[in-house]
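Q: This structure is in structure tokens; I'll ask about it shortly.
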Amino acid sequence: MKEKLKYFIMKSSYDLDRCVRDKMEITAGGLVFRSEGETGVGRFITRIFDSGERGMVWHRLTIETEHCGGDDIRMTVFTSDKDEIRYGGETRGINELLHDETLSFDEKAEAFGSCVKKRLTGVSDALLHDVSGRYLWVLTEVYSSHSSPAAVKSMRIFLPASSWIDYLPQIYRKSDEGTHFLERYLGIFQTFYEELEFEIGDISRRFDPESAESDFLVWLAEWLNITDVGLWKEEKLRKLLLMSVELYRRRGTRGSLSDVIELYTGEKPFIVENAEIREFSGTKSYDSSLLPMYGSDPYKVTMMIKSEHIKSDSELSAIRRLAAKMLPAYAQLDLVVLEPYIFLDKYSYLGINSTLGKYRSAALDGRSQLTMSTIGGRDVKEEEDSGDAYDDIISDTDNAGETH
């Protein structure tokens, strides 16, 4: 029985950080071309992949790119049965040579010249049945010529070599020994089949909000009856999906409402249920302050959010929609935006949206208020020293018909 197909994948930040890079930067989306100019060539050499078996015949290599045409990709595949090579008159370890900071990128690529087994241009999926060796590593070059920089999102290398021609009668295999035409022809269909099999085997990743691709997040949200997907940024939507089961279990409670709004705005809202303030009924403060602000409806819920968390009317509308889904059907929502000012008998809370502080002189620092001064004018004391100037100011005030 043939050995089951295995693969190495280069996608995580840990794997990308082990690559030797030239004008390529690690981002959340993979390796992205970075240079002072808008166009150019980015290069990287992968880490060393160890098959654990001498003379291993490799199967297939795939690379996933973005903003990069087929002709903009060049790859050089290196293999070796030993983990060391001769360079500069001495024997050095391949991995040691790869990460030698004293050597330039070009010098490293030149040092591996004796290990070149295959060169690929303009392909993102290639069979490696003519490539053998225990260790394999790849030099990749991408040409970036678009307004969006070219990016390499992932790379997969499959092993050992497997061909559907091995399942055919001997007469077909023998007739194909010289040209390998039938093997390469069957490889087209084999590739489609293996890709589908890989996706099925990796299907569990689609159901994990932390690892699912952006398109699948919408799909997962539909499963959970989250209809307002467009209101959420991707990072927060992932957290919402992780919290959704617990949130819907507590739906209609104060805690679920607070958690959803905190996830959306970044800060817990202040929530007052009218049932809470009824204990103050009959007091002077209830009639003069609480009743005008919160009303007498026992099913009313007042939610207060600082104005700094609401950037536009659309965000305010989004918060209303999200809150409405977490409230019981009989409850009414009153959404209050807390402005950083003091309003008597209104929603002003010391230490939350109102603060007491000492006197500050006028300063253009965004925090101090201007005192009763004239910016750019001369000091009154200077006017007094100048003779009758002060009397002229008083005279002008009197002529104006009012006293300041």
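To be explicit about the labels: the chains of the structure tokens are called A, B, and onward in the order shown, and within each one the residues are counted from 1, while ligands get numbers from 1 in the order they are shown.
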Based on DSSP run over this structure's backbone, return all residues of range 29-231 of chain A in strand (DSSP E or B), as an MDAnalysis selection string.

A: chainID A and resid 30:33 40:45 49:50 57 60:66 73:80 84:87 90:93 116:121 125:127 132 135:144 151:159

Q: Determine, using only C-alpha atoms, which residues of range 251-312 of chain A have any atom at most 12 Å from an atom of range 234-239 of chain A, and tabulate each with its shortest atom pair and distance in Å to one decimal place, rows ordered by chain and then rising number, as a tab-separated table.

A:
```
residue	atom	partner	partner_atom	distance
A:Asp259	CA	A:Lys239	CA	11.2
A:Val260	CA	A:Lys239	CA	10.2
A:Ile261	CA	A:Lys236	CA	11.3
A:Glu262	CA	A:Lys236	CA	10.6
A:Leu263	CA	A:Lys236	CA	6.9
A:Tyr264	CA	A:Lys236	CA	7.2
A:Thr265	CA	A:Lys236	CA	10.0
A:Gly266	CA	A:Lys236	CA	9.9
```

Q: Residues at most 8 Å from range 108-114 of chain A, counting only C-alpha atoms, excluding those fewer than 4 positions away in the same chain, as a ChimeraX atom specification?

A: /A:78,87,97-98,103-104,139

Q: From the DSSP assignment of the backbone, select every residue of range 63-271 of chain A that is helix (DSSP H, G or I), and format the answer as a PyMOL selection string.

A: chain A and resi 70-72+94-98+105-111+113-115+164-167+170-175+181-201+203-207+214-223+229-231+234-249+254-265

Q: Env of Ile26 in chain A: 12 Å cut, atoms = only C-alpha atoms, seq-sep filter 3 positions within chain, self excluded. Answer as a list in words.

A: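 Counting only the stated atoms, we get Lys11, Ser12, Ser13, Tyr14, Asp15, Leu16, Asp17, Arg18, Cys19, Val20, Arg21, Asp22, Lys23, Gly29, Gly30, Leu31, Val32, Phe33, Arg34, Phe44, Ala151, Val152, Lys153 and Ser154 of chain A.
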
Q: Give me a file of those residues, with N, CA and C atoms, as a short mmCIF file (atom, residue, chain, number, x, y, z; two decimals), in the first residue's frame.

A:
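Result went into again_37.cif, see below:
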```
data_model
loop_
_atom_site.label_atom_id
_atom_site.label_comp_id
_atom_site.auth_asym_id
_atom_site.auth_seq_id
_atom_site.Cartn_x
_atom_site.Cartn_y
_atom_site.Cartn_z
N LYS A 11 2.76 29.07 6.56
CA LYS A 11 1.70 30.08 6.63
C LYS A 11 1.73 30.89 7.92
N SER A 12 2.06 30.26 9.01
CA SER A 12 2.04 30.95 10.31
C SER A 12 3.17 31.95 10.40
N SER A 13 3.03 32.90 11.31
CA SER A 13 4.06 33.93 11.50
C SER A 13 5.37 33.29 11.96
N TYR A 14 5.27 32.16 12.68
CA TYR A 14 6.48 31.46 13.13
C TYR A 14 7.28 30.94 11.94
N ASP A 15 6.58 30.33 10.98
CA ASP A 15 7.27 29.82 9.78
C ASP A 15 7.81 30.96 8.93
N LEU A 16 7.03 32.02 8.78
CA LEU A 16 7.45 33.15 7.96
C LEU A 16 8.67 33.83 8.56
N ASP A 17 8.75 33.87 9.87
CA ASP A 17 9.89 34.52 10.53
C ASP A 17 11.17 33.71 10.34
N ARG A 18 11.05 32.44 10.02
CA ARG A 18 12.24 31.61 9.80
C ARG A 18 12.74 31.70 8.37
N CYS A 19 12.02 32.42 7.53
CA CYS A 19 12.47 32.64 6.15
C CYS A 19 13.55 33.74 6.13
N VAL A 20 14.45 33.63 5.16
CA VAL A 20 15.41 34.70 4.92
C VAL A 20 14.80 35.61 3.86
N ARG A 21 14.64 36.90 4.17
CA ARG A 21 13.84 37.80 3.33
C ARG A 21 14.67 38.95 2.77
N ASP A 22 14.26 39.38 1.59
CA ASP A 22 14.84 40.57 0.96
C ASP A 22 13.68 41.39 0.37
N LYS A 23 13.42 42.55 0.96
CA LYS A 23 12.32 43.44 0.56
C LYS A 23 10.95 42.78 0.75
N GLY A 29 -1.30 39.10 6.61
CA GLY A 29 -1.68 38.45 5.36
C GLY A 29 -0.58 37.64 4.72
N GLY A 30 0.57 37.50 5.38
CA GLY A 30 1.69 36.73 4.82
C GLY A 30 2.91 37.61 4.61
N LEU A 31 3.71 37.26 3.61
CA LEU A 31 4.90 38.04 3.26
C LEU A 31 4.51 39.05 2.17
N VAL A 32 4.73 40.34 2.45
CA VAL A 32 4.31 41.41 1.55
C VAL A 32 5.52 42.20 1.09
N PHE A 33 5.53 42.54 -0.20
CA PHE A 33 6.63 43.31 -0.77
C PHE A 33 6.67 44.70 -0.14
N ARG A 34 7.86 45.11 0.31
CA ARG A 34 8.04 46.43 0.88
C ARG A 34 9.32 47.04 0.32
N PHE A 44 12.55 35.67 -0.99
CA PHE A 44 12.72 35.00 0.30
C PHE A 44 13.11 33.55 0.07
N ALA A 151 1.97 39.92 -2.55
CA ALA A 151 2.05 39.21 -1.27
C ALA A 151 2.03 37.71 -1.50
N VAL A 152 2.76 36.99 -0.68
CA VAL A 152 2.74 35.52 -0.67
C VAL A 152 2.03 35.11 0.62
N LYS A 153 0.87 34.49 0.49
CA LYS A 153 0.05 34.17 1.65
C LYS A 153 0.43 32.82 2.27
N SER A 154 0.77 31.84 1.43
CA SER A 154 1.13 30.53 1.96
C SER A 154 1.84 29.69 0.91
#
```

Q: With only C-alpha atoms as the counted atoms, please give the residues lying no more than 6 Å from range 160-170 of chain A, apart from itself and same-chain residues fewer than 3 positions off, as a PDB file with N, CA and C atoms, in the first residue's frame.

A:
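Writing done, so here's result_28.pdb:
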```pdb
ATOM      1  N   VAL A  57      11.504  11.305  -2.919  1.00  0.00           N
ATOM      2  CA  VAL A  57      10.991  11.905  -4.149  1.00  0.00           C
ATOM      3  C   VAL A  57       9.765  12.745  -3.757  1.00  0.00           C
ATOM      4  N   TRP A  58       9.854  14.041  -3.957  1.00  0.00           N
ATOM      5  CA  TRP A  58       8.814  14.957  -3.533  1.00  0.00           C
ATOM      6  C   TRP A  58       7.663  14.961  -4.544  1.00  0.00           C
ATOM      7  N   HIS A  59       6.491  15.368  -4.072  1.00  0.00           N
ATOM      8  CA  HIS A  59       5.298  15.221  -4.896  1.00  0.00           C
ATOM      9  C   HIS A  59       4.858  16.518  -5.584  1.00  0.00           C
ATOM     10  N   HIS A 129       7.954  15.474  -9.168  1.00  0.00           N
ATOM     11  CA  HIS A 129       8.319  14.058  -9.277  1.00  0.00           C
ATOM     12  C   HIS A 129       9.755  13.849  -9.737  1.00  0.00           C
ATOM     13  N   ARG A 173       1.921   1.812 -18.067  1.00  0.00           N
ATOM     14  CA  ARG A 173       3.080   2.400 -17.377  1.00  0.00           C
ATOM     15  C   ARG A 173       4.354   2.235 -18.203  1.00  0.00           C
ATOM     16  N   LYS A 174       4.477   1.090 -18.836  1.00  0.00           N
ATOM     17  CA  LYS A 174       5.688   0.831 -19.624  1.00  0.00           C
ATOM     18  C   LYS A 174       5.744   1.719 -20.857  1.00  0.00           C
ATOM     19  N   GLU A 183       1.444  10.308 -17.467  1.00  0.00           N
ATOM     20  CA  GLU A 183       1.561  10.641 -16.048  1.00  0.00           C
ATOM     21  C   GLU A 183       1.246  12.122 -15.810  1.00  0.00           C
TER      22      GLU A 183
END
```

Q: So that I can check the surroundings of Ser296 in chain A, please list as JSON, numbers by chain every protein, DNA and RNA residue that reaches within 10 Å of it, counting only C-alpha atoms and ignoring chain neighbours fewer than 2 positions away.

A: {"A": [274, 275, 277, 278, 281, 290, 291, 292, 293, 294, 298, 299, 300]}

Q: Neighbouring residues of Leu220 in chain A were defined as those with any atom within 10 Å, considering only C-alpha atoms; residues of the same chain fewer than 5 positions away were excluded. Please report them as a list in words.

A: Arg206, Phe207, Asp208, Pro209, Ala212, Asp215, Asn225, Ile226, Arg238 and Leu241 of chain A

Q: Store the residues of this selection in a file with C-alpha atoms, as a PDB file, in the first residue's frame.

A:
```pdb
ATOM      1  CA  ARG A 206     -13.817  26.577   8.521  1.00  0.00           C
ATOM      2  CA  PHE A 207     -15.911  26.215  11.667  1.00  0.00           C
ATOM      3  CA  ASP A 208     -13.409  27.917  13.962  1.00  0.00           C
ATOM      4  CA  PRO A 209     -14.025  31.710  14.134  1.00  0.00           C
ATOM      5  CA  ALA A 212     -11.803  30.797   9.355  1.00  0.00           C
ATOM      6  CA  ASP A 215     -15.824  34.880   3.653  1.00  0.00           C
ATOM      7  CA  ASN A 225     -28.706  33.994  13.118  1.00  0.00           C
ATOM      8  CA  ILE A 226     -26.429  37.045  13.358  1.00  0.00           C
ATOM      9  CA  ARG A 238     -14.621  36.787  15.309  1.00  0.00           C
ATOM     10  CA  LEU A 241     -18.945  34.434  17.069  1.00  0.00           C
TER      11      LEU A 241
END
```

Q: Could you state the separation of CA of Tyr286 in chain A and CA of Ser307 in chain A in Å, given to one decimal place?

A: 26.1 Å

Q: So how many Å separate CA of Val337 in chain A and CA of Ile319 in chain A, to one decimal?

A: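 Going from CA of Val337 in chain A over to CA of Ile319 in chain A covers 11.2 Å.
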
Q: So what do you get for CA of Cys68 in chain A versus CA of Arg43 in chain A, distance-wise?

A: 13.4 Å

Q: Just checking: using only C-alpha atoms, which residue out of A:Glu246, A:Asp72, A:Asp50, A:Glu279 ends up closest to Asn95 in chain A?

A: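 Looking only at the distances to Asn95 in chain A, the closest residue turns out to be A:Asp50.
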